[in-house]
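A.B. asks: Let me give you the structure first, and then I'll get to my questions.
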Amino acid sequence: MFGFFNKKYDNPALLEEMKTRQERWFAFLDKLEARMHELTTAAIPGLQEIFNQDADPYKRAHSNMLQGLLGQINHMRQKANDIQEEQIIDFVYQAEAMVPVVTSTVGRDYHNRIMNFRMACLNRHYIFDEKLNKCMQRLQQATGARDLEAAYQEQLRAFESIRDKFSCQQCGGNITIEKMFFIDTYVTCPFCHSQNTFSPSTGARMVLHDARALAEQRTAHLRQAYEESTPRDPEREKVYLRAMIDEWNKIIPDMAEENEKFYERLLREQSFHHFK
Amino acid sequence: MAEEKDNKLSAYLERLKQQAATQQHYGGDITPEEAKMDIRDCPKCGAGRAFEKGLTACTYCGFVFMDIKLTDGVNIKKENNS
């Protein structure tokens, strides 16, 4: 009756402040994105070069460089998060406390404007985050997939050529290695029954290390089918996981029991991921 | 200005590459090795290790090769205890 709630509220300084903050925030993220793209594009040739030159079987020099670059990108993410917290979120809370309550007619307009400001800033940050993830992906995939199948076939051939060439260190009798081993193992001499220790070559040991990646490469089409389904189809994932584990077991039959346990765990995690 | 920025970036990348290449690997470098066969004779009596009586002690003189109890693994089973 006194018109308290319809009293006009005007705060041009706040509107101006929101406009300036939004512009500054957008400009800041634009700059950060430009730097991120620049860094990614410039780093990829170097990453590929170090990967090709790296003689280490685990490609650790390449991994060191990649981790350094990912650290830089993550630093940018952290910086954007900090600035967002300080300059946007805190400001929104302050502004909301400053204007009349949202239930009043006078306050509604300002609350809507603050909400629009907040959403514009958060959406811009979301776009930045997506671009950042893409940059990280580009760096991680810069070297492309290694041809693990060729390396595995080479090791199979190498094993076939050496399996009959060993002799017992005790009696000198010929020893044939019955199957491919990937870790040191005892081999019994068929003549004197002494325990010889067979140490596989570095290449054969790497088969054990790369077995899962190779199994994933062999079943990549099934994974792709799962990832392209919308919404993601848990049945397709199950088909992929089963095929991947089967391939893994084919490469390393000795680890089949452990791989099955791992498969069971993946299935349990799957029911968690697809929880509705 | 842009050129200076480019130089700074390429210098940083070059430094990072150098560091990555020269950094000592955790666990040391790996030297490629060929497959080989080896044996450990009993240091006490010189006999070879026989499979039937287990792997942890010498069948002939009882010398203890390893002072542990073997459990089931990929290639070694608990039956291999002497």
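Letters for chains follow the order of the structure tokens (A, B, ...), residue numbers begin at 1 for each chain, and ligand numbers begin at 1 in the order shown.
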What's the 10 Å shell around range 25-41 of chain B, counting only C-alpha atoms, without same-chain residues fewer than 3 positions away, as a PyMOL selection string?
C.D. replies: (chain A and resi 55-58+60-61+64+158-159+162-163+165-170+175+184-187+194-205) or (chain B and resi 20-22+44-50+58+65)
A.B. asks: Using DSSP on the backbone, list every residue of range 21-212 of chain A that comes out as strand (DSSP E or B), and give them as a ChimeraX atom specification.
C.D. replies: /A:166-167,174-175,185-188,194-199
A.B. asks: Keeping only C-alpha atoms, write the selected residues as a PDB file, in the first residue's frame.
C.D. replies:
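Result file is part.pdb:
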ATOM      1  CA  PHE A 166      69.804 -73.532 -25.801  1.00  0.00           C
ATOM      2  CA  SER A 167      71.713 -76.125 -23.886  1.00  0.00           C
ATOM      3  CA  ASN A 174      69.884 -79.611 -25.755  1.00  0.00           C
ATOM      4  CA  ILE A 175      66.914 -77.838 -24.270  1.00  0.00           C
ATOM      5  CA  THR A 185      61.602 -68.920 -15.522  1.00  0.00           C
ATOM      6  CA  TYR A 186      63.060 -72.279 -14.551  1.00  0.00           C
ATOM      7  CA  VAL A 187      63.490 -74.799 -17.334  1.00  0.00           C
ATOM      8  CA  THR A 188      64.260 -78.403 -16.456  1.00  0.00           C
ATOM      9  CA  SER A 194      68.892 -79.639 -13.483  1.00  0.00           C
ATOM     10  CA  GLN A 195      67.064 -76.387 -13.074  1.00  0.00           C
ATOM     11  CA  ASN A 196      68.257 -73.911 -15.665  1.00  0.00           C
ATOM     12  CA  THR A 197      67.068 -70.321 -15.552  1.00  0.00           C
ATOM     13  CA  PHE A 198      65.796 -69.001 -18.852  1.00  0.00           C
ATOM     14  CA  SER A 199      65.882 -65.224 -19.222  1.00  0.00           C
TER      15      SER A 199
END
A.B. asks: Using only C-alpha atoms, can you tell me which of A:Glu130, A:Asp54, A:Glu17, A:Glu178 comes closest to chain B?
C.D. replies: A:Asp54
A.B. asks: To one decimal in Å, tell me the separation between CA of Ile68 in chain B and CA of Lys53 in chain B.
C.D. replies: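 CA of Ile68 in chain B sits 15.6 Å away from CA of Lys53 in chain B.
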A.B. asks: Using only C-alpha atoms, find the one residue out of A:Ala142, A:Ala256, A:Ala13, A:Leu148 that sits nearest to chain B.
C.D. replies: A:Ala256
A.B. asks: Got a sec: who's within 12 Å of Phe26 in chain A, counting only C-alpha atoms, leaving out chain neighbours fewer than 6 positions off, as a PyMOL selection string?
C.D. replies: chain A and resi 19-20+32-33+80+83-84+87-88+117+120-128
A.B. asks: Contacts of Asp147 in chain A at 12 Å or less, counting only C-alpha atoms, minus same-chain residues fewer than 2 places along, as a PyMOL selection string?
C.D. replies: chain A and resi 143-145+149-154+210+213-218
A.B. asks: Please produce an output containing N, CA and C atoms for each residue in the selection, written as a CSV table (one decimal), in the first residue's frame.
C.D. replies:
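And here is the file that came out, selection35.csv:
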chain,number,residue,atom,x,y,z
A,143,THR,N,51.9,-38.8,-31.5
A,143,THR,CA,52.8,-39.7,-32.1
A,143,THR,C,52.1,-40.9,-32.8
A,144,GLY,N,50.7,-40.8,-32.7
A,144,GLY,CA,49.9,-41.9,-33.4
A,144,GLY,C,50.1,-43.2,-32.7
A,145,ALA,N,49.3,-44.2,-33.1
A,145,ALA,CA,49.4,-45.5,-32.5
A,145,ALA,C,50.6,-46.3,-33.0
A,149,GLU,N,51.4,-54.8,-33.3
A,149,GLU,CA,51.2,-56.1,-34.0
A,149,GLU,C,52.5,-56.6,-34.7
A,150,ALA,N,53.1,-55.6,-35.4
A,150,ALA,CA,54.3,-55.9,-36.1
A,150,ALA,C,55.4,-56.3,-35.1
A,151,ALA,N,55.5,-55.6,-34.0
A,151,ALA,CA,56.5,-55.9,-33.0
A,151,ALA,C,56.3,-57.2,-32.4
A,152,TYR,N,55.0,-57.6,-32.1
A,152,TYR,CA,54.7,-58.9,-31.5
A,152,TYR,C,55.0,-60.0,-32.5
A,153,GLN,N,54.7,-59.8,-33.8
A,153,GLN,CA,55.0,-60.9,-34.8
A,153,GLN,C,56.5,-61.1,-34.9
A,154,GLU,N,57.2,-60.0,-34.8
A,154,GLU,CA,58.7,-60.1,-34.9
A,154,GLU,C,59.2,-60.9,-33.7
A,210,ASP,N,53.3,-54.7,-23.4
A,210,ASP,CA,52.4,-54.1,-24.4
A,210,ASP,C,51.2,-54.9,-24.7
A,213,ALA,N,47.8,-53.1,-24.6
A,213,ALA,CA,47.6,-52.1,-25.7
A,213,ALA,C,47.4,-52.8,-27.0
A,214,LEU,N,48.1,-53.9,-27.2
A,214,LEU,CA,47.9,-54.7,-28.5
A,214,LEU,C,46.5,-55.3,-28.6
A,215,ALA,N,46.1,-55.8,-27.5
A,215,ALA,CA,44.7,-56.4,-27.5
A,215,ALA,C,43.7,-55.2,-27.7
A,216,GLU,N,44.0,-54.1,-27.2
A,216,GLU,CA,43.0,-52.9,-27.5
A,216,GLU,C,43.1,-52.5,-28.9
A,217,GLN,N,44.3,-52.5,-29.5
A,217,GLN,CA,44.4,-52.2,-30.9
A,217,GLN,C,43.7,-53.2,-31.8
A,218,ARG,N,43.7,-54.5,-31.4
A,218,ARG,CA,43.0,-55.5,-32.2
A,218,ARG,C,41.5,-55.3,-32.1
A.B. asks: Considering only C-alpha atoms, return as a list in words whatever protein or nucleic-acid residues lie within 12 Å of Asp67 in chain B, sequence-local ones (same chain, fewer than 6 positions apart) excluded.
C.D. replies: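 Listing them by chain and then by number gives Leu55, Thr56, Ala57, Asn81 and Ser82 of chain B.
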A.B. asks: B:Asn7, B:Gln19, B:Asn80, B:Asn75: which is nearest Ser63 in chain A, counting only C-alpha atoms?
C.D. replies: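 Nearest to Ser63 in chain A: B:Gln19.
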A.B. asks: So that I can see what lies close to Tyr263 in chain A, please list as a ChimeraX atom specification the residues with an atom at most 8 Å from it, counting only C-alpha atoms and leaving out residues fewer than 5 positions away in the same chain.
C.D. replies: /A:241-242,245
A.B. asks: Closest to Ala243 in chain A among A:Leu39, A:Ala27, A:Ala220, A:Cys192, using only C-alpha atoms?
C.D. replies: A:Ala220
A.B. asks: Just want the 12 Å neighbourhood of range 11-15 of chain B, counted on only C-alpha atoms, with same-chain residues fewer than 3 positions away dropped. Output as JSON, numbers by chain.
C.D. replies: {"A": [38, 39, 40, 41, 42, 43, 44, 45, 46, 47, 49, 50, 65, 66, 68, 69, 72], "B": [4, 5, 6, 7, 8, 18, 19, 20, 21, 22, 23]}
A.B. asks: Take the residues just selected and output them with N, CA and C atoms as a PDB file, in the first residue's frame.
C.D. replies:
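Contents of result01.pdb, freshly written:
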ATOM      1  N   GLU A  38      49.011 -22.174 -29.560  1.00  0.00           N
ATOM      2  CA  GLU A  38      50.373 -21.891 -30.026  1.00  0.00           C
ATOM      3  C   GLU A  38      51.329 -22.946 -29.466  1.00  0.00           C
ATOM      4  N   LEU A  39      51.215 -23.172 -28.173  1.00  0.00           N
ATOM      5  CA  LEU A  39      52.100 -24.141 -27.507  1.00  0.00           C
ATOM      6  C   LEU A  39      51.890 -25.542 -28.086  1.00  0.00           C
ATOM      7  N   THR A  40      50.634 -25.938 -28.239  1.00  0.00           N
ATOM      8  CA  THR A  40      50.339 -27.284 -28.744  1.00  0.00           C
ATOM      9  C   THR A  40      50.888 -27.473 -30.151  1.00  0.00           C
ATOM     10  N   THR A  41      50.584 -26.504 -31.021  1.00  0.00           N
ATOM     11  CA  THR A  41      51.012 -26.632 -32.420  1.00  0.00           C
ATOM     12  C   THR A  41      52.534 -26.655 -32.524  1.00  0.00           C
ATOM     13  N   ALA A  42      53.183 -25.800 -31.728  1.00  0.00           N
ATOM     14  CA  ALA A  42      54.644 -25.745 -31.813  1.00  0.00           C
ATOM     15  C   ALA A  42      55.290 -26.991 -31.206  1.00  0.00           C
ATOM     16  N   ALA A  43      54.615 -27.612 -30.229  1.00  0.00           N
ATOM     17  CA  ALA A  43      55.241 -28.732 -29.511  1.00  0.00           C
ATOM     18  C   ALA A  43      55.128 -30.064 -30.255  1.00  0.00           C
ATOM     19  N   ILE A  44      54.098 -30.202 -31.093  1.00  0.00           N
ATOM     20  CA  ILE A  44      53.845 -31.517 -31.706  1.00  0.00           C
ATOM     21  C   ILE A  44      55.033 -32.050 -32.533  1.00  0.00           C
ATOM     22  N   PRO A  45      55.639 -31.233 -33.419  1.00  0.00           N
ATOM     23  CA  PRO A  45      56.792 -31.777 -34.166  1.00  0.00           C
ATOM     24  C   PRO A  45      57.920 -32.264 -33.245  1.00  0.00           C
ATOM     25  N   GLY A  46      58.187 -31.498 -32.174  1.00  0.00           N
ATOM     26  CA  GLY A  46      59.237 -31.881 -31.223  1.00  0.00           C
ATOM     27  C   GLY A  46      58.909 -33.181 -30.516  1.00  0.00           C
ATOM     28  N   LEU A  47      57.636 -33.325 -30.172  1.00  0.00           N
ATOM     29  CA  LEU A  47      57.197 -34.560 -29.498  1.00  0.00           C
ATOM     30  C   LEU A  47      57.394 -35.773 -30.403  1.00  0.00           C
ATOM     31  N   GLU A  49      59.471 -35.986 -32.861  1.00  0.00           N
ATOM     32  CA  GLU A  49      60.908 -36.195 -33.079  1.00  0.00           C
ATOM     33  C   GLU A  49      61.514 -36.982 -31.918  1.00  0.00           C
ATOM     34  N   ILE A  50      61.182 -36.558 -30.697  1.00  0.00           N
ATOM     35  CA  ILE A  50      61.772 -37.225 -29.527  1.00  0.00           C
ATOM     36  C   ILE A  50      61.244 -38.658 -29.413  1.00  0.00           C
ATOM     37  N   MET A  65      58.761 -35.427 -21.774  1.00  0.00           N
ATOM     38  CA  MET A  65      58.418 -34.191 -22.475  1.00  0.00           C
ATOM     39  C   MET A  65      56.902 -33.985 -22.490  1.00  0.00           C
ATOM     40  N   LEU A  66      56.192 -35.072 -22.744  1.00  0.00           N
ATOM     41  CA  LEU A  66      54.724 -34.989 -22.790  1.00  0.00           C
ATOM     42  C   LEU A  66      54.177 -34.521 -21.443  1.00  0.00           C
ATOM     43  N   GLY A  68      55.685 -32.737 -19.237  1.00  0.00           N
ATOM     44  CA  GLY A  68      56.019 -31.321 -19.075  1.00  0.00           C
ATOM     45  C   GLY A  68      55.002 -30.430 -19.772  1.00  0.00           C
ATOM     46  N   LEU A  69      54.639 -30.827 -20.998  1.00  0.00           N
ATOM     47  CA  LEU A  69      53.680 -30.029 -21.775  1.00  0.00           C
ATOM     48  C   LEU A  69      52.282 -30.091 -21.164  1.00  0.00           C
ATOM     49  N   GLN A  72      52.080 -27.786 -18.347  1.00  0.00           N
ATOM     50  CA  GLN A  72      51.864 -26.397 -18.769  1.00  0.00           C
ATOM     51  C   GLN A  72      50.387 -26.138 -19.054  1.00  0.00           C
TER      52      GLN A  72
ATOM     53  N   GLU B   4      59.465 -12.130 -31.088  1.00  0.00           N
ATOM     54  CA  GLU B   4      60.130 -12.353 -29.800  1.00  0.00           C
ATOM     55  C   GLU B   4      59.410 -13.458 -29.013  1.00  0.00           C
ATOM     56  N   LYS B   5      58.056 -13.430 -29.100  1.00  0.00           N
ATOM     57  CA  LYS B   5      57.249 -14.430 -28.396  1.00  0.00           C
ATOM     58  C   LYS B   5      57.508 -15.828 -28.979  1.00  0.00           C
ATOM     59  N   ASP B   6      57.596 -15.859 -30.327  1.00  0.00           N
ATOM     60  CA  ASP B   6      57.866 -17.131 -31.015  1.00  0.00           C
ATOM     61  C   ASP B   6      59.214 -17.701 -30.586  1.00  0.00           C
ATOM     62  N   ASN B   7      60.205 -16.802 -30.527  1.00  0.00           N
ATOM     63  CA  ASN B   7      61.540 -17.227 -30.121  1.00  0.00           C
ATOM     64  C   ASN B   7      61.541 -17.788 -28.715  1.00  0.00           C
ATOM     65  N   LYS B   8      60.781 -17.110 -27.831  1.00  0.00           N
ATOM     66  CA  LYS B   8      60.703 -17.532 -26.434  1.00  0.00           C
ATOM     67  C   LYS B   8      60.089 -18.926 -26.357  1.00  0.00           C
ATOM     68  N   GLN B  18      65.461 -30.968 -24.473  1.00  0.00           N
ATOM     69  CA  GLN B  18      66.789 -31.319 -23.973  1.00  0.00           C
ATOM     70  C   GLN B  18      66.696 -31.976 -22.599  1.00  0.00           C
ATOM     71  N   GLN B  19      65.901 -31.349 -21.747  1.00  0.00           N
ATOM     72  CA  GLN B  19      65.728 -31.875 -20.380  1.00  0.00           C
ATOM     73  C   GLN B  19      65.139 -33.273 -20.409  1.00  0.00           C
ATOM     74  N   ALA B  20      64.117 -33.437 -21.257  1.00  0.00           N
ATOM     75  CA  ALA B  20      63.440 -34.739 -21.335  1.00  0.00           C
ATOM     76  C   ALA B  20      64.407 -35.815 -21.820  1.00  0.00           C
ATOM     77  N   ALA B  21      65.271 -35.433 -22.778  1.00  0.00           N
ATOM     78  CA  ALA B  21      66.190 -36.417 -23.357  1.00  0.00           C
ATOM     79  C   ALA B  21      67.324 -36.764 -22.406  1.00  0.00           C
ATOM     80  N   THR B  22      67.756 -35.767 -21.604  1.00  0.00           N
ATOM     81  CA  THR B  22      68.925 -36.018 -20.750  1.00  0.00           C
ATOM     82  C   THR B  22      68.545 -36.447 -19.333  1.00  0.00           C
ATOM     83  N   GLN B  23      67.302 -36.316 -18.990  1.00  0.00           N
ATOM     84  CA  GLN B  23      66.870 -36.672 -17.626  1.00  0.00           C
ATOM     85  C   GLN B  23      67.138 -38.148 -17.354  1.00  0.00           C
TER      86      GLN B  23
END
